[in-house]
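Everything on this sheet refers to the single structure shown next.
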Amino acid sequence: MLKRLRENKSAQGTLLISPTLIVMIGLLIIPLILTLIVSFGQRSPDGNVIYSFSLDNYIRLAGFSTDCTGGASFCFNPLYAQILWRSLALAFNTTVLVIALAYPLAYFIARAHPKRRTTFLFLVLIPLWTNFVIRVYAWMMLLRKEGVINIILGWIMGLLRIPFTPLEMLYTPGAVLVGMVYEFLPFMILPIYTSLEKIDNSLYEAAADLGANSIRTLLRVTLPLSMPGVVAGTILVFIPVMGTFIVSDILGGRQVILVGNLIQRQFLDARDPTFGSAASLILMVLTLIVTYFYTRKFGFGEEIVVA
Amino acid sequence: MASEFAVELRDVVKKFITPEGSEMAAVDHVTMQIRNGEFFSMLGSSGCGKTTSLRMIAGFEWPTEGDVYIEGKPMGHLPPFQRNVNTVFQSYALFQHMTVFQNVAFGLEMEGASKDEIARRVGRSLEMVQLTGMDRRRPRQLSGGQQQRVALARALVKTPDVLLLDEPLGALDLKLRKEMQLELKALQQQLGITFIYVTHDQEEALTMSDRIAVMSKGKIMQMGTSVEVYERPANRFVAEFIGESNFLEGKVKSVKGDQAVVDVPAWGEELIGIATGKVKAGDDVSVSIRPEKVRLTDKQGIKENSLEAVVTTSTYIGSDTHVYLDVRGQRFKVWEQNRISTLDPRAYYANGQKVWVTLLSENTLILPKA
């Protein structure tokens with residue numbers, strides 16, 4: 001038995017991936033199939049699932065409804081499409097902002113003295129030691145009406161004798177964006193750093209030697225060579241932002257509802273798992289479509305792992 | 001050309017801070033003048049300051065003291081992209097995200113050359129290094145030798161006044177390296193550009209260079225043609241670094257013109273030889289005798305220059321036989337050329353065989369200790 005295994009490469013491969021495979025089948029594939037089945041079902045009045053094949057949940061997601069105000073038998077309200085669009089736009093804005101903030105920092109760390117790099121990377125990782133929810137909650141303390149930012153602003157305005165009404169920052173789309181950017185920044189810094197750190201110093205020198213000043217070196221050499229890191233970071237940031245609900249829940253309140261919140265509420269508050277399942281699947285499909293077109297153009301950033 | 005010299009280093013010092021925090025002079029008061037159209041090599045082992053000197057000419061480093069002059073103009077803190085010199089890097093430093101064509105075109109694009117001009121000059125440059133037809137490949141798809149040629153084409157396409165080469169052949173295998181040495185030399189003569197070549201390989205330096213600067217510990221030990229540094233090494237370091245030598249310690253008894261008489265206590269002999277540097281009576285010196293410049297005979301030759309010896313080891317290496325001798329208790333090596341094709345073992349010296357070593361005064365060099 002062992003001897004045969006030693007000779008059989010494909011059996012070795014199967015053996016090596018089988019623990020993961022079992023977990024993936026048990027905890028991903030089967031639940032996903034169940035989700036798909038449930039999404040076609042209907043909610044019973046007491047909150048259970050009636051298994052059937054009904055497209056009602058998807059029709060409702062698309063915005064069509066038979067339960068209309070004003071007595072109409074059929075109406076259109078793109079509420080859910082708006083939520084999806086808002087999530088997509090937020091994920092996009094977060095990713096762009098995170099790249100803009102992470103790139104210079106990653107560049108700075110990659111070009112720092114090797115001894116200091118470890119310290120800097122350590123500092124980047126420190127926030128991740130604190131619980132995700134607590135970190136988001138901390139932003140509440142900063143942003144709310146009686147929060148730290150308003151207190152400081154009020155104090156400064158008081159000194160300048162300018163009348164000041166505290167800013168409404170919490171429970172706005174801006175607050176959610178700030179929270180998202182803060183939460184996901186390290187996941188962009190690390191892959192960009194990895195790809196920048198791999199660029200040999202002689203390449204910068206070669207560019208300068210051939211007549212490129214620092215801006216042209218950045219645009220023609222540094223940026224293209226670090227694209228794998230940006231791509232990997234984008235995937236690591238965009239996908240989770242699309243689905244997360246904690247940041248919007250805490251910093252957006254009832255004002256900023258994302259797909260994540262919608263799904264969470266269907267399962268936990270409205271007790272309608274059939275509609276929640278349909279929304280989950282739509283989110284998944286949407287994310288897959290965006291990721292597919294993105295990776296087809298830019299790849300997965302696999303070079304930072306392979307090269 | 002504006003100046004007689006393509007590149008000049010005037011009393012240049014470059015200090016670095018070591019990881020321990022102390023200052024170290026990588027280049028220590030170096031002055032050298034490199035003529036227009038010259039193939040100039042800086043030769044030395046790692047840490048001798050040759051690469052730092054090259055990097056200061058390129059503009060990647062700035063001197064702590066003194067200055068670098070290119071075409072007579074002081075460079076000061078001018079960045080690399082404002083100097084009309086180009087570098088071929090040891091690691092080639094090719095842009096992996098660009099094709100061969102784009103790599104070579106990069107420098108021309110930075111100059112703002114037109115598309116037509118870029119296509120024409122890149123084509124000519126690739127032809128020069130025999131890479132025509134490779135322009136769409138990526139550097140990764142090329143062999144080491146081809147990548148080296150791309151690096152060369154990329155630097156030459158800019159038509160620099162001076163081409164700087166930092167051990168460009170170091171990563172190639174021996175056979176390819178020898179081919180490239182000849183090719184580089186031919187290219188340099190054809191283009192008439194000044195080449196400044198950094199290497200630790202003495203044979204490479206001797207093969208290609210018009211002049212060589214032999215460096216050690218940040219200082220120039222000798223500057224001269226291949227023949228000069230080999231046949232008239234300025235001091236013991238140069239004689240030891242370039243080629244092989246037998247060394248004997250001695251004291252100068254008298255000097256007459258360029259000849260000196262040295263007392264060699266190990267042999268209990270007085271040797272007459274050529275003083276290559278400044279020596280005076282009473283100086284401690286090294287006597288250097290190249291192993292290929294010694295004659296072995298069965299019988300005693302010229303009386304005053306002949307010494308009896310015993311063969312300790314004899315190694316046949318094809319073109320030569322390396323004969324290791326015991327000359328009055330001192331190890332002494334002699335390279336005998338195998339001039340006659342024979343299977344007779346007597347032609348190749350046997351261990352324990354008695355021979356006579358003949359030293360000619362013109363092959364005996366008296367060197368100051370460096």
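Each chain in the structure tokens gets a letter, A, B, ..., in the order shown, and its residues are numbered from 1; ligands are numbered from 1 in order too.
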*Hey, what does DSSP flag as alpha helix (DSSP H) within stretch 122-232 of chain B? Can you give it to me as an MDAnalysis selection string?*
chainID B and resid 122:128 144:156 174:191 202:208 226:231
Please return, as a short mmCIF file (atom, residue, chain, number, x, y, z; two decimals) with N, CA, C and O atoms, in the first residue's frame, all residues of chain B lying within 9 Å of chain A when only C-alpha atoms are considered.
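Okay, this is what ended up in out.cif:
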data_model
loop_
_atom_site.label_atom_id
_atom_site.label_comp_id
_atom_site.auth_asym_id
_atom_site.auth_seq_id
_atom_site.Cartn_x
_atom_site.Cartn_y
_atom_site.Cartn_z
N ALA B 58 29.26 57.02 -13.35
CA ALA B 58 27.88 56.91 -13.85
C ALA B 58 26.97 57.93 -13.17
O ALA B 58 25.98 58.36 -13.74
N GLY B 59 27.30 58.29 -11.91
CA GLY B 59 26.46 59.23 -11.17
C GLY B 59 25.56 58.55 -10.15
O GLY B 59 24.71 59.20 -9.56
N PHE B 60 25.74 57.24 -9.93
CA PHE B 60 24.95 56.55 -8.90
C PHE B 60 25.47 56.87 -7.51
O PHE B 60 24.76 56.71 -6.52
N PRO B 79 22.84 64.14 -11.59
CA PRO B 79 22.26 62.78 -11.57
C PRO B 79 22.61 62.00 -12.84
O PRO B 79 22.97 62.60 -13.86
N PRO B 80 22.48 60.68 -12.79
CA PRO B 80 22.88 59.82 -13.91
C PRO B 80 22.20 60.22 -15.22
O PRO B 80 22.83 60.17 -16.28
N PHE B 81 20.90 60.63 -15.14
CA PHE B 81 20.19 60.88 -16.38
C PHE B 81 20.61 62.18 -17.06
O PHE B 81 20.12 62.50 -18.13
N GLN B 82 21.54 62.92 -16.43
CA GLN B 82 22.06 64.12 -17.10
C GLN B 82 23.52 63.95 -17.51
O GLN B 82 24.19 64.91 -17.85
N ARG B 83 24.02 62.70 -17.48
CA ARG B 83 25.40 62.47 -17.90
C ARG B 83 25.39 61.65 -19.19
O ARG B 83 24.61 60.72 -19.31
N ASN B 84 26.27 62.01 -20.12
CA ASN B 84 26.29 61.27 -21.37
C ASN B 84 27.18 60.04 -21.29
O ASN B 84 28.11 59.86 -22.07
N VAL B 85 26.90 59.23 -20.27
CA VAL B 85 27.58 57.93 -20.15
C VAL B 85 26.47 56.90 -19.94
O VAL B 85 25.40 57.23 -19.45
N ASN B 86 26.71 55.68 -20.36
CA ASN B 86 25.73 54.63 -20.11
C ASN B 86 26.41 53.40 -19.55
O ASN B 86 27.61 53.20 -19.73
N THR B 87 25.61 52.62 -18.83
CA THR B 87 26.17 51.52 -18.06
C THR B 87 25.60 50.18 -18.52
O THR B 87 24.41 50.09 -18.80
N VAL B 88 26.47 49.19 -18.59
CA VAL B 88 26.02 47.80 -18.74
C VAL B 88 26.21 47.17 -17.36
O VAL B 88 27.33 47.11 -16.86
N PHE B 89 25.09 46.74 -16.78
CA PHE B 89 25.14 46.27 -15.39
C PHE B 89 25.52 44.79 -15.32
O PHE B 89 25.24 44.02 -16.23
N SER B 91 24.20 42.60 -13.45
CA SER B 91 22.98 41.78 -13.45
C SER B 91 22.14 42.02 -14.70
O SER B 91 21.03 41.55 -14.79
N TYR B 92 22.67 42.79 -15.64
CA TYR B 92 22.00 43.22 -16.88
C TYR B 92 20.90 44.25 -16.62
O TYR B 92 20.72 45.15 -17.42
N ALA B 93 20.15 44.08 -15.51
CA ALA B 93 19.09 45.04 -15.15
C ALA B 93 18.15 45.30 -16.31
O ALA B 93 17.80 46.44 -16.60
N LEU B 94 17.73 44.25 -16.99
CA LEU B 94 16.76 44.42 -18.08
C LEU B 94 15.36 44.58 -17.48
O LEU B 94 15.07 44.03 -16.42
N PHE B 95 14.51 45.32 -18.19
CA PHE B 95 13.14 45.50 -17.72
C PHE B 95 12.33 44.29 -18.17
O PHE B 95 12.06 44.11 -19.35
N GLN B 96 11.93 43.47 -17.20
CA GLN B 96 11.27 42.21 -17.53
C GLN B 96 9.87 42.43 -18.11
O GLN B 96 9.34 41.54 -18.76
N HIS B 97 9.27 43.58 -17.84
CA HIS B 97 7.92 43.81 -18.34
C HIS B 97 7.91 44.38 -19.75
O HIS B 97 6.87 44.71 -20.28
N PHE B 106 13.87 52.26 -24.74
CA PHE B 106 13.58 53.06 -23.54
C PHE B 106 14.41 54.35 -23.47
O PHE B 106 13.87 55.44 -23.30
N GLY B 107 15.71 54.21 -23.63
CA GLY B 107 16.59 55.36 -23.53
C GLY B 107 16.32 56.41 -24.59
O GLY B 107 16.45 57.61 -24.34
N LEU B 108 15.93 55.95 -25.79
CA LEU B 108 15.64 56.90 -26.87
C LEU B 108 14.33 57.62 -26.62
O LEU B 108 14.18 58.81 -26.91
N GLU B 109 13.35 56.89 -26.06
CA GLU B 109 12.07 57.52 -25.71
C GLU B 109 12.30 58.63 -24.68
O GLU B 109 11.66 59.68 -24.74
N MET B 110 13.22 58.39 -23.76
CA MET B 110 13.51 59.39 -22.73
C MET B 110 14.12 60.64 -23.35
O MET B 110 13.97 61.74 -22.84
N GLU B 111 14.80 60.46 -24.48
CA GLU B 111 15.38 61.61 -25.19
C GLU B 111 14.32 62.33 -26.02
O GLU B 111 14.58 63.39 -26.56
N ARG B 154 21.11 48.21 -25.39
CA ARG B 154 20.33 49.24 -24.72
C ARG B 154 21.20 50.43 -24.32
O ARG B 154 20.78 51.57 -24.37
N ALA B 155 22.44 50.12 -23.91
CA ALA B 155 23.35 51.20 -23.52
C ALA B 155 23.94 51.89 -24.76
O ALA B 155 24.05 53.11 -24.80
N LYS B 158 22.18 54.72 -27.14
CA LYS B 158 22.19 56.12 -26.73
C LYS B 158 23.42 56.87 -27.26
O LYS B 158 23.57 58.05 -26.98
#
_Residue contacts of A:Met169 (7 Å, only C-alpha atoms) excluding same-chain residues fewer than 6 positions away, as a ChimeraX atom specification_ = /A:143-144,175
*Find the distance between atom CA of B:Val150 and atom CA of B:Asn103 and write it in Å to one decimal.*
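Interatomic distance here is 7.8 Å.
As for atom CA of A:Leu36 and atom CA of A:Thr274, they are spaced 9.1 Å apart.
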*Close residues, stretch 166-180 of chain B itself excluded, 7 Å, only C-alpha atoms, min 3 positions apart in chain, as an NGL selection string*: :B and (51 or 88-90 or 144-145 or 183-184 or 197-199)
*Go through B:Leu325, B:Ile212, B:Leu271, B:Ala113 and flag the residue nearest B:Pro291, using only C-alpha atoms for the distances.*
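Smallest distance to B:Pro291 is found for B:Leu325.
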*When you draw a straight line from atom CA of B:Met32 to atom CA of B:Asp258, how long is it in Å?*
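Straight-line distance from atom CA of B:Met32 to atom CA of B:Asp258 works out to 25.6 Å.
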